[in-house]
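S.K.: I have a structure here, written as structure tokens, and I will follow up with some questions on it.
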Amino acid sequence: MGSEGFSETGGRFAELIDNLKVGIYRNTPGPQGRFLEVNQALVDMFEAGSKEELMKHNVSDLYVNPTKRKEYSDKILQTGFLRNEEIELKTLKGRVFTASHTTTMKKNMDGSIYFDGMIVDISQAKITERERARLAAIVESSGDAIISKDLDGTIRSWNKGAETIYGYTAEEAVGRNISMLAPTGGQDEIKRILEKVRNGESLKNVVAARLRKDGGIIDVSLTVSPVKDSSGGIIGASTIAHDITEMKRNEEFIRKINRLQADLLDPGALAVKLKKITDGIIDIFSADFARIWIISRGDRCNSGCPHATVTEGPHVCRNRENCLHLMASSGRYTRTD
């Protein structure tokens with residue numbers, strides 16, 4: 001086919017070429033390049049008013065880096081083609097976009113050479129690719145567990161945060177059912193969550209207990225959302241889990257401290273309050289035992305001094321003037337001497 005244009009192959013074929021959504025062109029080789037034919041999609045891509053307007057420009061005028069034109073022209077002349085090459089182009093209005101172009105070298109009957117090719121604007125695809133890469137990096141670097149799963153609970157993705165929080169590597173978790181994280185008696189809760197997702201519900205700030213690989217139980221706050229395909233159908237669920245074990249432990253600590261403080265402010269005998277203190281220490285700090293002793297002078301030793309050495313008669317000790325006496329005791333180890 002000569003440089004007379006696409007139309008010489010037939011009106012219907014030329015119309016088909018002109019209506020394609022990818023840019024089709026024919027141009028001459030060389031550092032500048034001159035358009036011989038273009039379709040309407042190429043006119044639209046370069047924001048030209050007409051085919052005639054676009055064809056007034058050299059091909060190199062549309063390159064962000066015009067020297068690339070010579071590089072590609074030489075390559076086509078040497079190899080006969082250029083396939084899916086990415087290049088930065090610019091429209092007649094100065095808008096820059098990324099394109100993939102494929103070009104083949106052809107010859108006319110008289111032996112003259114021309115290039116036939118097509119250009120596809122892949123700017124949106126590149127943006128989408130960058131966004132996906134950025135989101136993947138965010139997911140992977142998050143301290144929260146971010147997990148995707150099928151509607152039956154089969155785990156499909158597992159980030160570093162999930163590895164840290166639950167103790168399983170991605171290789172150990174992907175392909176298994178999310179129920180592996182349920183502590184004893186927690187299977188039904190996970191089933192209820194998946195059922196809500198199937199119905200299109202999203203769940204936020206759901207506090208749940210989860211089982212780590214090492215057998216430890218942790219508290220997490222869950223956000224669960226449906227995952228949809230391009231037609232809007234629900235195909236799975238994504239879960240973001242934040243470990244709140246330490247937060248809940250601190251809240252419980254403060255609650256117990258406040259309760260002990262309130263008990264001590266109530267009226268009551270000193271001995272009762274001292275016992276509440278030792279009981280509170282056991283409860284708040286998970287201590288093995290707690291004791292309160294006082295140093296007493298004078299005749300208190302006459303009421304009994306089991307920790308001191310008796311020297312003469314009952315209840316008389318060497319340290320009578322500075323003697324320790326047990327006032328309250330809680331926890332293990334009942335011996336007080």
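Just remember, in the structure tokens the first chain shown is A, the second B, etc., residues are 1-based per chain, and ligands are 1-based in the order shown.
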Just asking: which residues within range 68-175 of chain A are strand (DSSP E or B) according to DSSP, as a PyMOL selection string?
M.R.: chain A and resi 81-90+96-107+113-121+145-150+154-158
S.K.: Next, the residues of the selection above should be written as a PDB file, in the first residue's frame with C-alpha atoms.
M.R.:
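See again32.pdb below for the written result:
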ATOM      1  CA  PHE A  81       9.982  -2.580  13.912  1.00  0.00           C
ATOM      2  CA  LEU A  82       9.458  -1.059  17.350  1.00  0.00           C
ATOM      3  CA  ARG A  83       7.066  -2.787  19.767  1.00  0.00           C
ATOM      4  CA  ASN A  84       5.264  -1.385  22.838  1.00  0.00           C
ATOM      5  CA  GLU A  85       7.859   1.304  23.420  1.00  0.00           C
ATOM      6  CA  GLU A  86       6.917   3.775  26.174  1.00  0.00           C
ATOM      7  CA  ILE A  87       7.515   7.423  25.396  1.00  0.00           C
ATOM      8  CA  GLU A  88       6.562  10.834  26.745  1.00  0.00           C
ATOM      9  CA  LEU A  89       4.598  12.838  24.179  1.00  0.00           C
ATOM     10  CA  LYS A  90       2.896  16.237  24.233  1.00  0.00           C
ATOM     11  CA  VAL A  96       2.204  15.746  28.435  1.00  0.00           C
ATOM     12  CA  PHE A  97       1.111  12.114  28.409  1.00  0.00           C
ATOM     13  CA  THR A  98       2.701   8.682  28.375  1.00  0.00           C
ATOM     14  CA  ALA A  99       2.110   6.543  25.301  1.00  0.00           C
ATOM     15  CA  SER A 100       2.954   3.084  24.093  1.00  0.00           C
ATOM     16  CA  HIS A 101       3.719   2.955  20.394  1.00  0.00           C
ATOM     17  CA  THR A 102       4.357   0.150  17.972  1.00  0.00           C
ATOM     18  CA  THR A 103       5.797   0.838  14.525  1.00  0.00           C
ATOM     19  CA  THR A 104       6.661  -1.308  11.503  1.00  0.00           C
ATOM     20  CA  MET A 105       8.846  -0.314   8.554  1.00  0.00           C
ATOM     21  CA  LYS A 106       7.175  -0.668   5.125  1.00  0.00           C
ATOM     22  CA  LYS A 107       8.232  -0.096   1.488  1.00  0.00           C
ATOM     23  CA  ILE A 113      10.383   3.614   3.049  1.00  0.00           C
ATOM     24  CA  TYR A 114       7.637   4.669   5.417  1.00  0.00           C
ATOM     25  CA  PHE A 115       6.523   3.771   8.949  1.00  0.00           C
ATOM     26  CA  ASP A 116       3.089   2.409   9.847  1.00  0.00           C
ATOM     27  CA  GLY A 117       2.236   2.410  13.514  1.00  0.00           C
ATOM     28  CA  MET A 118      -0.184   2.965  16.349  1.00  0.00           C
ATOM     29  CA  ILE A 119      -0.096   4.930  19.584  1.00  0.00           C
ATOM     30  CA  VAL A 120      -2.016   4.108  22.766  1.00  0.00           C
ATOM     31  CA  ASP A 121      -2.373   6.662  25.553  1.00  0.00           C
ATOM     32  CA  ALA A 145      -2.947  -5.956  60.351  1.00  0.00           C
ATOM     33  CA  ILE A 146      -4.483  -5.559  56.872  1.00  0.00           C
ATOM     34  CA  ILE A 147      -5.973  -8.773  55.552  1.00  0.00           C
ATOM     35  CA  SER A 148      -8.138  -9.661  52.556  1.00  0.00           C
ATOM     36  CA  LYS A 149     -10.161 -12.831  52.379  1.00  0.00           C
ATOM     37  CA  ASP A 150     -12.818 -14.619  50.353  1.00  0.00           C
ATOM     38  CA  THR A 154      -9.971 -18.013  53.026  1.00  0.00           C
ATOM     39  CA  ILE A 155      -7.086 -15.556  53.501  1.00  0.00           C
ATOM     40  CA  ARG A 156      -5.807 -14.010  50.245  1.00  0.00           C
ATOM     41  CA  SER A 157      -3.387 -11.321  51.443  1.00  0.00           C
ATOM     42  CA  TRP A 158      -1.509 -10.711  54.691  1.00  0.00           C
TER      43      TRP A 158
END
S.K.: Could you give me the residues within range 62-286 of chain A that DSSP places in helix (DSSP H, G or I), as a PyMOL selection string?
M.R.: chain A and resi 62+67-79+123-141+160-166+170-173+178-181+187-198+245-265+270-285
S.K.: Let me make sure I understand: among A:Ile218, A:Val224, A:Leu36, A:Ile165, which one has the smallest atom-to-atom distance to Ile190 in chain A if we use only C-alpha atoms?
M.R.: A:Val224
S.K.: What is the distance between CA of Arg95 in chain A and CA of Gly30 in chain A, in Å to one decimal?
M.R.: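 Distance between the two atoms: 24.5 Å.
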S.K.: Quick one: everything within 7 Å of range 54-68 of chain A, counting only C-alpha atoms, minus sequence neighbours fewer than 6 positions away in the same chain. Send it as a PyMOL selection string.
M.R.: chain A and resi 32-35+43+48+88-91
S.K.: Output the selection as an mmCIF file, in the first residue's frame - C-alpha atoms for each residue.
M.R.:
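Listing of out18.cif after writing:
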data_model
loop_
_atom_site.group_PDB
_atom_site.id
_atom_site.type_symbol
_atom_site.label_atom_id
_atom_site.label_comp_id
_atom_site.auth_asym_id
_atom_site.auth_seq_id
_atom_site.Cartn_x
_atom_site.Cartn_y
_atom_site.Cartn_z
ATOM 1 C CA GLN A 32 11.981 15.011 12.072
ATOM 2 C CA GLY A 33 9.442 12.738 10.441
ATOM 3 C CA ARG A 34 6.445 13.909 8.451
ATOM 4 C CA PHE A 35 2.925 12.552 8.805
ATOM 5 C CA VAL A 43 -6.062 13.916 16.065
ATOM 6 C CA ALA A 48 -5.538 19.042 17.164
ATOM 7 C CA GLU A 88 6.562 10.834 26.745
ATOM 8 C CA LEU A 89 4.598 12.838 24.179
ATOM 9 C CA LYS A 90 2.896 16.237 24.233
ATOM 10 C CA THR A 91 -0.250 17.541 22.610
#
S.K.: Could you please determine the separation between CA of Thr239 in chain A and CA of Arg210 in chain A in Å, to one decimal place?
M.R.: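 For CA of Thr239 in chain A relative to CA of Arg210 in chain A, the distance reads 13.2 Å.
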S.K.: Taking into account only C-alpha atoms, which residue in the set A:Gly268, A:Gly161, A:Gly200, A:Gly23 is nearest to Pro226 in chain A?
M.R.: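 Selected residue with least distance to Pro226 in chain A: A:Gly200.
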